[in-house]
$ cat run.cif   # mmCIF, C-alpha atoms
data_target
loop_
_atom_site.label_atom_id
_atom_site.label_comp_id
_atom_site.auth_asym_id
_atom_site.auth_seq_id
_atom_site.Cartn_x
_atom_site.Cartn_y
_atom_site.Cartn_z
CA MET A 229 -18.91 -120.60 74.83
CA GLN A 230 -18.05 -117.57 72.82
CA THR A 231 -15.11 -118.91 70.79
CA LYS A 232 -15.60 -121.24 67.84
CA MET A 233 -14.91 -124.77 68.97
CA ILE A 234 -13.05 -125.99 65.94
CA SER A 235 -10.34 -124.15 64.02
CA LYS A 236 -8.28 -125.11 61.02
CA ALA A 237 -5.36 -125.81 63.32
CA LEU A 238 -7.44 -128.37 65.19
CA HIS A 239 -7.92 -130.42 62.04
CA LEU A 240 -4.19 -130.53 61.41
CA LEU A 241 -2.79 -130.87 64.90
CA LEU A 242 -5.40 -132.37 67.22
CA PHE A 243 -6.76 -135.58 65.75
CA VAL A 244 -8.39 -137.43 68.62
CA SER A 245 -9.12 -134.60 71.09
CA VAL A 246 -9.08 -135.09 74.80
CA LEU A 247 -6.65 -135.02 77.74
CA LEU A 248 -6.84 -137.62 80.47
CA PHE A 249 -4.94 -140.16 82.50
CA LEU A 250 -3.56 -143.40 81.04
CA LEU A 251 -2.32 -146.03 83.42
CA THR A 252 0.20 -147.99 81.33
CA GLY A 253 1.39 -151.53 81.84
CA CYS A 254 4.11 -151.86 84.46
CA THR A 255 7.17 -154.01 83.95
CA SER A 256 8.30 -154.61 87.53
CA ASP A 257 6.52 -156.40 90.36
CA LYS A 258 6.96 -153.27 92.48
CA ASN A 259 4.92 -151.18 90.05
CA LYS A 260 2.13 -153.65 89.31
CA THR A 261 -1.36 -152.75 90.49
CA ASP A 262 -2.20 -154.47 93.77
CA HIS A 263 -4.89 -157.09 93.08
CA SER A 264 -4.65 -158.76 96.46
CA GLY A 265 -7.71 -157.02 97.90
CA PRO A 266 -11.37 -157.05 96.84
CA LYS A 267 -12.37 -155.86 93.39
CA ARG A 268 -13.76 -152.39 92.98
CA ASP A 269 -17.58 -152.09 92.89
CA ALA A 270 -18.40 -151.36 89.25
CA THR A 271 -22.07 -150.58 89.84
CA ALA A 272 -22.94 -147.25 88.20
CA LYS A 273 -24.19 -144.48 90.44
CA VAL A 274 -25.94 -141.61 88.66
CA LEU A 275 -26.72 -138.49 90.65
CA SER A 276 -29.92 -136.88 89.37
CA PRO A 277 -30.39 -133.08 89.44
CA SER A 278 -33.72 -131.98 90.87
CA ALA A 279 -35.80 -128.81 90.67
CA SER A 280 -37.54 -129.37 94.00
CA GLY A 281 -39.17 -125.94 94.10
CA LYS A 282 -37.99 -125.12 97.62
CA ASN A 283 -36.07 -122.03 96.54
CA VAL A 284 -37.26 -120.54 93.23
CA TYR A 285 -36.75 -117.09 91.70
CA LYS A 286 -39.26 -116.30 88.97
CA ASN A 287 -40.51 -113.52 86.74
CA ALA A 288 -42.42 -113.27 83.46
CA ILE A 289 -39.62 -114.72 81.32
CA ALA A 290 -37.65 -117.20 83.41
CA SER A 291 -37.45 -119.36 86.51
CA ILE A 292 -34.31 -120.18 88.47
CA ASP A 293 -34.53 -123.10 90.88
CA ALA A 294 -31.74 -122.70 93.44
CA SER A 295 -33.01 -125.40 95.80
CA ASN A 296 -29.93 -127.59 95.41
CA ILE A 297 -27.07 -125.20 94.79
CA SER A 298 -25.11 -126.79 97.66
CA LYS A 299 -24.77 -129.81 95.36
CA GLY A 300 -23.04 -127.70 92.72
CA TYR A 301 -25.72 -126.95 90.16
CA ILE A 302 -28.45 -124.46 89.28
CA MET A 303 -31.58 -125.14 87.22
CA VAL A 304 -33.00 -122.58 84.79
CA LYS A 305 -36.12 -122.50 82.61
CA TYR A 306 -36.82 -119.84 79.98
CA THR A 307 -40.52 -119.13 79.30
CA GLY A 308 -40.29 -115.84 77.39
CA GLN A 309 -40.70 -115.15 73.70
CA SER A 310 -37.26 -114.16 72.43
CA SER A 311 -35.68 -116.43 69.81
CA LYS A 312 -32.15 -115.67 71.05
CA VAL A 313 -31.53 -116.01 74.76
CA LYS A 314 -28.40 -116.49 76.83
CA LEU A 315 -27.72 -117.46 80.41
CA GLN A 316 -24.63 -115.79 81.85
CA ILE A 317 -23.12 -117.02 85.09
CA LYS A 318 -20.43 -114.85 86.65
CA ALA A 319 -18.40 -116.98 89.05
CA PRO A 320 -16.49 -115.98 92.21
CA ASP A 321 -13.21 -116.07 90.25
CA ASN A 322 -14.71 -113.45 87.85
CA SER A 323 -14.94 -115.93 84.97
CA ASN A 324 -18.08 -115.64 82.85
CA TYR A 325 -19.84 -118.76 81.67
CA THR A 326 -22.30 -118.18 78.82
CA TYR A 327 -24.90 -120.69 77.62
CA LEU A 328 -27.67 -120.59 75.04
CA LEU A 329 -31.21 -120.95 76.37
CA LYS A 330 -34.32 -122.05 74.52
CA LYS A 331 -37.95 -121.74 75.50
CA SER A 332 -38.90 -124.85 77.41
CA ASN A 333 -41.35 -126.24 79.92
CA ALA A 334 -38.52 -128.13 81.58
CA TYR A 335 -35.53 -127.00 83.60
CA THR A 336 -31.96 -127.28 82.29
CA THR A 337 -29.08 -128.03 84.67
CA PHE A 338 -26.00 -125.81 84.73
CA PRO A 339 -22.89 -126.39 86.85
CA LEU A 340 -21.59 -124.02 89.51
CA SER A 341 -18.02 -125.14 89.00
CA ALA A 342 -15.83 -122.34 90.35
CA GLY A 343 -16.11 -123.26 94.02
CA ASN A 344 -17.71 -121.51 96.98
CA GLY A 345 -18.64 -117.85 96.85
CA ASP A 346 -20.98 -115.39 95.15
CA TYR A 347 -22.42 -116.08 91.70
CA THR A 348 -24.41 -113.70 89.51
CA LEU A 349 -26.96 -115.23 87.14
CA ARG A 350 -28.39 -113.21 84.24
CA VAL A 351 -30.94 -114.23 81.62
CA LEU A 352 -30.25 -112.11 78.54
CA GLU A 353 -32.75 -111.55 75.72
CA HIS A 354 -31.68 -110.45 72.24
CA ILE A 355 -32.97 -107.03 71.24
CA GLY A 356 -31.12 -106.46 67.95
CA GLY A 357 -27.63 -106.58 66.47
CA ASP A 358 -25.18 -107.64 69.14
CA SER A 359 -27.30 -106.19 71.94
CA TYR A 360 -29.04 -108.10 74.73
CA ALA A 361 -31.26 -106.86 77.53
CA VAL A 362 -31.19 -108.28 81.04
CA GLY A 363 -34.48 -110.08 81.58
CA MET A 364 -33.59 -111.54 84.94
CA ASP A 365 -30.72 -110.88 87.34
CA LYS A 366 -30.08 -112.85 90.51
CA ASN A 367 -27.20 -113.12 92.97
CA ILE A 368 -26.69 -116.33 94.93
CA HIS A 369 -24.14 -117.46 97.50
CA LEU A 370 -22.77 -120.97 97.16
CA LYS A 371 -21.48 -123.17 99.95
CA LEU A 372 -20.90 -126.68 98.63
CA LYS A 373 -21.58 -129.81 100.64
CA SER A 374 -18.57 -131.29 98.85
CA ASP A 375 -16.11 -129.77 96.39
CA PHE A 376 -16.51 -132.88 94.23
CA LEU A 377 -20.26 -132.56 93.63
CA PRO A 378 -20.16 -130.19 90.61
CA PHE A 379 -17.98 -132.80 88.88
CA LEU A 380 -20.17 -135.81 89.65
CA TYR A 381 -23.59 -134.55 88.54
CA PRO A 382 -24.74 -134.47 84.90
CA ASN A 383 -25.25 -130.99 83.42
CA HIS A 384 -25.93 -129.03 80.24
CA TYR A 385 -22.76 -130.18 78.44
CA VAL A 386 -22.35 -133.57 80.10
CA TRP A 387 -25.84 -135.02 80.18
CA PHE A 388 -26.52 -138.63 81.15
CA ASP A 389 -28.94 -140.63 83.27
CA ALA A 390 -29.26 -144.17 84.55
CA LYS A 391 -30.65 -145.33 81.18
CA SER A 392 -27.81 -143.86 79.11
CA THR A 393 -25.96 -146.35 76.95
CA ALA A 394 -22.70 -144.64 77.92
CA VAL A 395 -23.38 -145.25 81.61
CA LYS A 396 -23.97 -148.94 80.96
CA LYS A 397 -20.84 -149.12 78.84
CA GLY A 398 -18.86 -147.42 81.61
CA GLU A 399 -20.15 -150.04 84.03
CA THR A 400 -18.94 -152.80 81.72
CA LEU A 401 -15.52 -151.17 81.35
CA ALA A 402 -15.22 -150.85 85.14
CA LYS A 403 -15.74 -154.56 85.80
CA ASN A 404 -12.80 -156.61 87.05
CA THR A 405 -10.87 -153.56 88.27
CA TRP A 406 -9.32 -152.89 91.66
CA SER A 407 -8.86 -149.10 91.49
CA ASP A 408 -10.21 -145.90 89.97
CA LEU A 409 -7.03 -145.61 87.92
CA GLU A 410 -7.79 -148.92 86.24
CA VAL A 411 -11.27 -147.64 85.38
CA VAL A 412 -9.72 -144.53 83.83
CA GLN A 413 -7.35 -146.75 81.86
CA ASN A 414 -10.17 -148.92 80.53
CA VAL A 415 -12.33 -145.95 79.54
CA TYR A 416 -9.38 -144.26 77.86
CA ASN A 417 -8.38 -147.34 75.89
CA TYR A 418 -11.93 -148.01 74.75
CA VAL A 419 -12.58 -144.47 73.51
CA ILE A 420 -9.22 -144.07 71.77
CA LYS A 421 -9.61 -147.39 69.98
CA ASN A 422 -13.28 -147.09 69.07
CA ILE A 423 -14.11 -143.40 68.48
CA SER A 424 -12.71 -141.65 65.41
CA TYR A 425 -12.41 -137.93 64.82
CA ASP A 426 -15.25 -136.52 62.69
CA ASN A 427 -13.68 -133.98 60.34
CA LYS A 428 -16.96 -133.29 58.53
CA LYS A 429 -18.73 -132.49 61.78
CA ALA A 430 -15.83 -130.29 62.87
CA LYS A 431 -16.20 -128.16 59.76
CA ASN A 432 -19.93 -127.65 60.31
CA VAL A 433 -20.31 -127.43 64.09
CA SER A 434 -22.44 -124.47 65.13
CA TYR A 435 -22.24 -122.03 68.02
CA GLY A 436 -23.82 -123.46 71.15
CA TYR A 437 -23.18 -127.08 70.20
CA ILE A 438 -24.12 -129.58 72.92
CA PRO A 439 -22.56 -133.09 72.93
CA ASP A 440 -24.82 -136.14 72.84
CA ILE A 441 -22.81 -138.88 74.51
CA ASP A 442 -24.99 -141.80 73.41
CA ARG A 443 -24.96 -140.59 69.82
CA THR A 444 -21.17 -140.39 69.95
CA LEU A 445 -21.01 -143.92 71.33
CA LYS A 446 -23.36 -145.26 68.66
CA SER A 447 -21.80 -143.47 65.68
CA LYS A 448 -18.25 -144.01 66.98
CA LYS A 449 -17.37 -140.53 65.72
CA GLY A 450 -17.03 -137.12 67.32
CA ILE A 451 -15.19 -133.85 67.82
CA CYS A 452 -13.10 -132.84 70.84
CA PHE A 453 -16.13 -131.80 72.87
CA ASP A 454 -17.76 -135.19 72.22
CA TYR A 455 -14.69 -137.11 73.38
CA ALA A 456 -14.45 -135.11 76.57
CA ALA A 457 -18.17 -135.31 77.38
CA LEU A 458 -18.32 -139.07 76.75
CA MET A 459 -15.36 -139.83 78.98
CA THR A 460 -16.59 -137.43 81.66
CA ALA A 461 -20.00 -139.10 81.79
CA MET A 462 -18.53 -142.59 82.01
CA LEU A 463 -16.19 -141.63 84.84
CA ARG A 464 -18.71 -139.56 86.81
CA SER A 465 -21.18 -142.43 86.73
CA GLN A 466 -18.41 -144.55 88.26
CA ARG A 467 -18.11 -142.11 91.19
CA ILE A 468 -14.86 -140.64 89.85
CA PRO A 469 -14.93 -136.80 90.02
CA THR A 470 -14.10 -135.53 86.54
CA LYS A 471 -13.85 -132.06 85.04
CA LEU A 472 -14.66 -131.37 81.41
CA GLU A 473 -12.15 -128.60 80.71
CA VAL A 474 -12.26 -126.19 77.80
CA GLY A 475 -9.44 -123.86 76.90
CA TYR A 476 -6.44 -123.62 74.62
CA ALA A 477 -3.97 -126.24 73.45
CA GLY A 478 -1.39 -123.95 71.89
CA ASP A 479 -3.48 -121.43 69.96
CA THR A 480 -6.35 -123.84 69.31
CA TYR A 481 -9.59 -124.01 71.27
CA HIS A 482 -9.75 -127.49 72.68
CA ALA A 483 -11.53 -129.77 75.18
CA TRP A 484 -10.03 -132.35 77.51
CA ILE A 485 -10.60 -133.74 81.00
CA SER A 486 -8.93 -133.98 84.37
CA THR A 487 -9.93 -136.32 87.13
CA TYR A 488 -9.46 -136.78 90.85
CA VAL A 489 -7.05 -139.47 92.00
CA ASP A 490 -6.88 -140.58 95.63
CA ASP A 491 -3.62 -139.54 97.31
CA LYS A 492 -2.82 -137.29 94.31
CA GLY A 493 -5.76 -134.87 94.31
CA TRP A 494 -6.78 -133.13 91.10
CA VAL A 495 -4.17 -133.93 88.50
CA ASP A 496 -4.53 -131.46 85.64
CA ASN A 497 -2.85 -131.90 82.27
CA ILE A 498 -0.92 -134.92 83.59
CA ILE A 499 -2.03 -137.98 81.79
CA GLU A 500 0.25 -140.98 81.93
CA PHE A 501 1.43 -142.93 84.97
CA ASP A 502 4.25 -145.36 84.18
CA GLY A 503 4.25 -146.98 87.60
CA THR A 504 6.73 -144.52 89.07
CA ASP A 505 6.18 -141.01 87.74
CA TRP A 506 3.44 -138.90 86.24
CA GLN A 507 4.17 -137.42 82.83
CA LEU A 508 2.24 -135.54 80.21
CA MET A 509 0.63 -137.27 77.26
CA ASP A 510 -2.06 -135.95 74.92
CA PRO A 511 -3.63 -138.85 72.98
CA THR A 512 -4.92 -136.31 70.48
CA LEU A 513 -1.37 -135.67 69.36
CA ALA A 514 -0.28 -139.24 69.93
CA ALA A 515 -2.72 -140.44 67.28
CA SER A 516 -0.91 -138.62 64.49
CA ASN A 517 2.63 -137.88 65.70
CA ASP A 518 5.66 -139.82 66.85
CA GLU A 519 6.07 -140.32 70.59
CA GLU A 520 9.05 -138.02 71.07
CA SER A 521 7.42 -135.05 69.31
CA VAL A 522 4.32 -135.55 71.45
CA LYS A 523 6.30 -135.51 74.69
CA LYS A 524 8.24 -132.45 73.59
CA TYR A 525 4.98 -130.59 73.01
CA VAL A 526 2.94 -131.68 75.99
CA ASN A 527 5.71 -131.53 78.59
CA ASP A 528 5.56 -127.74 78.28
CA THR A 529 2.45 -127.05 80.41
CA LYS A 530 2.04 -123.53 79.03
CA HIS A 531 0.53 -125.18 75.95
CA TYR A 532 -2.60 -125.95 77.96
CA ILE A 533 -4.63 -123.09 79.37
CA VAL A 534 -7.96 -123.87 81.08
CA LYS A 535 -10.69 -121.28 80.55
CA PHE A 536 -13.80 -123.12 81.76
CA ASN A 537 -14.74 -126.19 83.80
CA TYR A 538 -18.03 -127.98 83.24
#

$ encode --input "run.cif" --output "structure tokens"
Amino acid sequence: MQTKMISKALHLLLFVSVLLFLLTGCTSDKNKTDHSGPKRDATAKVLSPSASGKNVYKNAIASIDASNISKGYIMVKYTGQSSKVKLQIKAPDNSNYTYLLKKSNAYTTFPLSAGNGDYTLRVLEHIGGDSYAVGMDKNIHLKLKSDFLPFLYPNHYVWFDAKSTAVKKGETLAKNTWSDLEVVQNVYNYVIKNISYDNKKAKNVSYGYIPDIDRTLKSKKGICFDYAALMTAMLRSQRIPTKLEVGYAGDTYHAWISTYVDDKGWVDNIIEFDGTDWQLMDPTLAASNDEESVKKYVNDTKHYIVKFNY
């Protein structure tokens, strides 16, 4: 990402940092969650990206494994000598996703998150000043097996596997639930109550920062990107499609999530369900402001502008 993740405004206004759904307690029998049926299966399911080698583009500096693009991801490995390298992915909606690359013997997974269509992938090597040269350029056409897949697999910014502590914690939080919404509620409540905002880290975060979800869980501290990545990993491993969204909350660069709810579809920027209606709620603001001022701010959807989905 090309904009600095944390600004001075973030420290003052956005204390906890993440948007998502909160299923609150319901006061009437009509609005209570139906627990008459079987409990939801809380067993974690982690989809593992694979560089199978069936469709590989390669030159002297990089390899792109496009064997599984129908599952919503691409795998890239840089083998050149430049100390500053970027991967640029131009999506069908003309958005440009930019990532830092490092020399490695292993592939890194990047999401193809803008839907079906033509993507352009460029590996860019630094040649001096602000200039980069194109070391590899490849066009691919994406047709997804399912629109949900890019938001179920782990990737560069939301990395987890079956051994991740966060996956196991998500499994624990999903026990004794009857619906995906209850899982979202449990994950939300756990993170808000147990993870605190790391002001020191926010002041020193560097360009190209990558969240480490297990480190966040262990330290119980993080910045907005950490909150979003942790929650995204927990929910994806519970088979709940979840987008890590990056954009602007007001004039501040910010990270939050949206998730897919059966019978509702993708619900973006709408967080709280009171048993009858959906309404906006940003727990970042709720942590340090009174309830009415929070609702006044978040109910104006122009405050939230999505730039990228991961």

$ resolve_selection --input "run.cif" --expression "the PyMOL selection byres ((chain A and resi 399) around 12)" --output "PDB file with C-alpha atoms, keeping the file's coordinate frame"
ATOM      1  CA  ARG A 268     -13.760-152.390  92.980  1.00  0.00           C
ATOM      2  CA  ASP A 269     -17.580-152.090  92.890  1.00  0.00           C
ATOM      3  CA  ALA A 270     -18.400-151.360  89.250  1.00  0.00           C
ATOM      4  CA  THR A 271     -22.070-150.580  89.840  1.00  0.00           C
ATOM      5  CA  ALA A 272     -22.940-147.250  88.200  1.00  0.00           C
ATOM      6  CA  LYS A 273     -24.190-144.480  90.440  1.00  0.00           C
ATOM      7  CA  VAL A 274     -25.940-141.610  88.660  1.00  0.00           C
ATOM      8  CA  ALA A 390     -29.260-144.170  84.550  1.00  0.00           C
ATOM      9  CA  LYS A 391     -30.650-145.330  81.180  1.00  0.00           C
ATOM     10  CA  SER A 392     -27.810-143.860  79.110  1.00  0.00           C
ATOM     11  CA  THR A 393     -25.960-146.350  76.950  1.00  0.00           C
ATOM     12  CA  ALA A 394     -22.700-144.640  77.920  1.00  0.00           C
ATOM     13  CA  VAL A 395     -23.380-145.250  81.610  1.00  0.00           C
ATOM     14  CA  LYS A 396     -23.970-148.940  80.960  1.00  0.00           C
ATOM     15  CA  LYS A 397     -20.840-149.120  78.840  1.00  0.00           C
ATOM     16  CA  GLY A 398     -18.860-147.420  81.610  1.00  0.00           C
ATOM     17  CA  THR A 400     -18.940-152.800  81.720  1.00  0.00           C
ATOM     18  CA  LEU A 401     -15.520-151.170  81.350  1.00  0.00           C
ATOM     19  CA  ALA A 402     -15.220-150.850  85.140  1.00  0.00           C
ATOM     20  CA  LYS A 403     -15.740-154.560  85.800  1.00  0.00           C
ATOM     21  CA  ASN A 404     -12.800-156.610  87.050  1.00  0.00           C
ATOM     22  CA  THR A 405     -10.870-153.560  88.270  1.00  0.00           C
ATOM     23  CA  VAL A 411     -11.270-147.640  85.380  1.00  0.00           C
ATOM     24  CA  VAL A 412      -9.720-144.530  83.830  1.00  0.00           C
ATOM     25  CA  ASN A 414     -10.170-148.920  80.530  1.00  0.00           C
ATOM     26  CA  VAL A 415     -12.330-145.950  79.540  1.00  0.00           C
ATOM     27  CA  ALA A 461     -20.000-139.100  81.790  1.00  0.00           C
ATOM     28  CA  MET A 462     -18.530-142.590  82.010  1.00  0.00           C
ATOM     29  CA  LEU A 463     -16.190-141.630  84.840  1.00  0.00           C
ATOM     30  CA  ARG A 464     -18.710-139.560  86.810  1.00  0.00           C
ATOM     31  CA  SER A 465     -21.180-142.430  86.730  1.00  0.00           C
ATOM     32  CA  GLN A 466     -18.410-144.550  88.260  1.00  0.00           C
ATOM     33  CA  ARG A 467     -18.110-142.110  91.190  1.00  0.00           C
TER      34      ARG A 467
END

$ resolve_selection --input "run.cif" --expression "the PyMOL selection byres ((chain A and resi 315) around 9)" --output "list in words"
Val304, Val313, Lys314, Gln316, Ile317, Tyr325, Thr326, Tyr327, Leu328, Leu329, Leu349, Arg350, Val351 and Leu352 of chain A

$ closest_residue --input "run.cif" --among "A:Asn432, A:Ser264, A:Asn417, A:Ser486" --to "Ile451 in chain A" --atoms "all atoms listed in the file"
A:Asn432

$ residues_around --input "run.cif" --residues "Ser278 in chain A" --least-positions-apart "5" --cutoff "10 Å" --atoms "all atoms listed in the file" --output "list in words"
Asp293, Ala294, Ser295, Asn296, Tyr301, Ile302, Met303, Tyr335, Thr336 and Thr337 of chain A

$ atom_distance --input "run.cif" --atom1 "CA of Gly363 in chain A" --atom2 "CA of Lys305 in chain A"
12.6 Å

$ resolve_selection --input "run.cif" --expression "the PyMOL selection byres ((chain A and resi 425) around 9)" --output "PyMOL selection string"
chain A and resi 243-245+423-424+426-427+429-430+448-452+455

$ atom_distance --input "run.cif" --atom1 "CA of Leu377 in chain A" --atom2 "CA of Asn287 in chain A"
28.6 Å

$ atom_distance --input "run.cif" --atom1 "CA of Phe376 in chain A" --atom2 "CA of Lys286 in chain A"
28.6 Å

$ closest_residue --input "run.cif" --among "A:Gly343, A:Gly478, A:Gly308, A:Pro378" --to "Ile289 in chain A" --atoms "all atoms listed in the file"
A:Gly308

$ residues_around --input "run.cif" --residues "Thr470 in chain A" --least-positions-apart "2" --cutoff "8 Å" --atoms "all atoms listed in the file" --output "list of chain:residue names"
A:Phe379, A:Leu380, A:Thr460, A:Leu463, A:Arg464, A:Ile468, A:Leu472, A:Ile485, A:Ser486, A:Thr487, A:Tyr488

$ write_last_selection --input "run.cif" --atoms "C-alpha atoms" --output "PDB file, in the frame of the given file"
ATOM      1  CA  PHE A 379     -17.980-132.800  88.880  1.00  0.00           C
ATOM      2  CA  LEU A 380     -20.170-135.810  89.650  1.00  0.00           C
ATOM      3  CA  THR A 460     -16.590-137.430  81.660  1.00  0.00           C
ATOM      4  CA  LEU A 463     -16.190-141.630  84.840  1.00  0.00           C
ATOM      5  CA  ARG A 464     -18.710-139.560  86.810  1.00  0.00           C
ATOM      6  CA  ILE A 468     -14.860-140.640  89.850  1.00  0.00           C
ATOM      7  CA  LEU A 472     -14.660-131.370  81.410  1.00  0.00           C
ATOM      8  CA  ILE A 485     -10.600-133.740  81.000  1.00  0.00           C
ATOM      9  CA  SER A 486      -8.930-133.980  84.370  1.00  0.00           C
ATOM     10  CA  THR A 487      -9.930-136.320  87.130  1.00  0.00           C
ATOM     11  CA  TYR A 488      -9.460-136.780  90.850  1.00  0.00           C
TER      12      TYR A 488
END

$ axis_aligned_box --input "run.cif" --around "range 282-287 of chain A" --padding-each-side "4 Å" --output "JSON"
{"center_x": -38.3, "center_y": -119.3, "center_z": 92.2, "size_x": 12.4, "size_y": 19.6, "size_z": 18.9}

$ closest_residue --input "run.cif" --among "A:Lys373, A:Lys267, A:Lys331, A:His384" --to "Pro439 in chain A" --atoms "all atoms listed in the file"
A:His384

$ closest_residue --input "run.cif" --among "A:Ile438, A:Met364, A:Val386, A:Ala483" --to "Leu458 in chain A" --atoms "all atoms listed in the file"
A:Val386

$ closest_residue --input "run.cif" --among "A:Ser359, A:Met459, A:Trp484, A:Asp490" --to "Ile533 in chain A" --atoms "all atoms listed in the file"
A:Trp484

$ closest_residue --input "run.cif" --among "A:Ile292, A:Leu340, A:Ile355, A:Val419" --to "Phe536 in chain A" --atoms "only C-alpha atoms"
A:Leu340
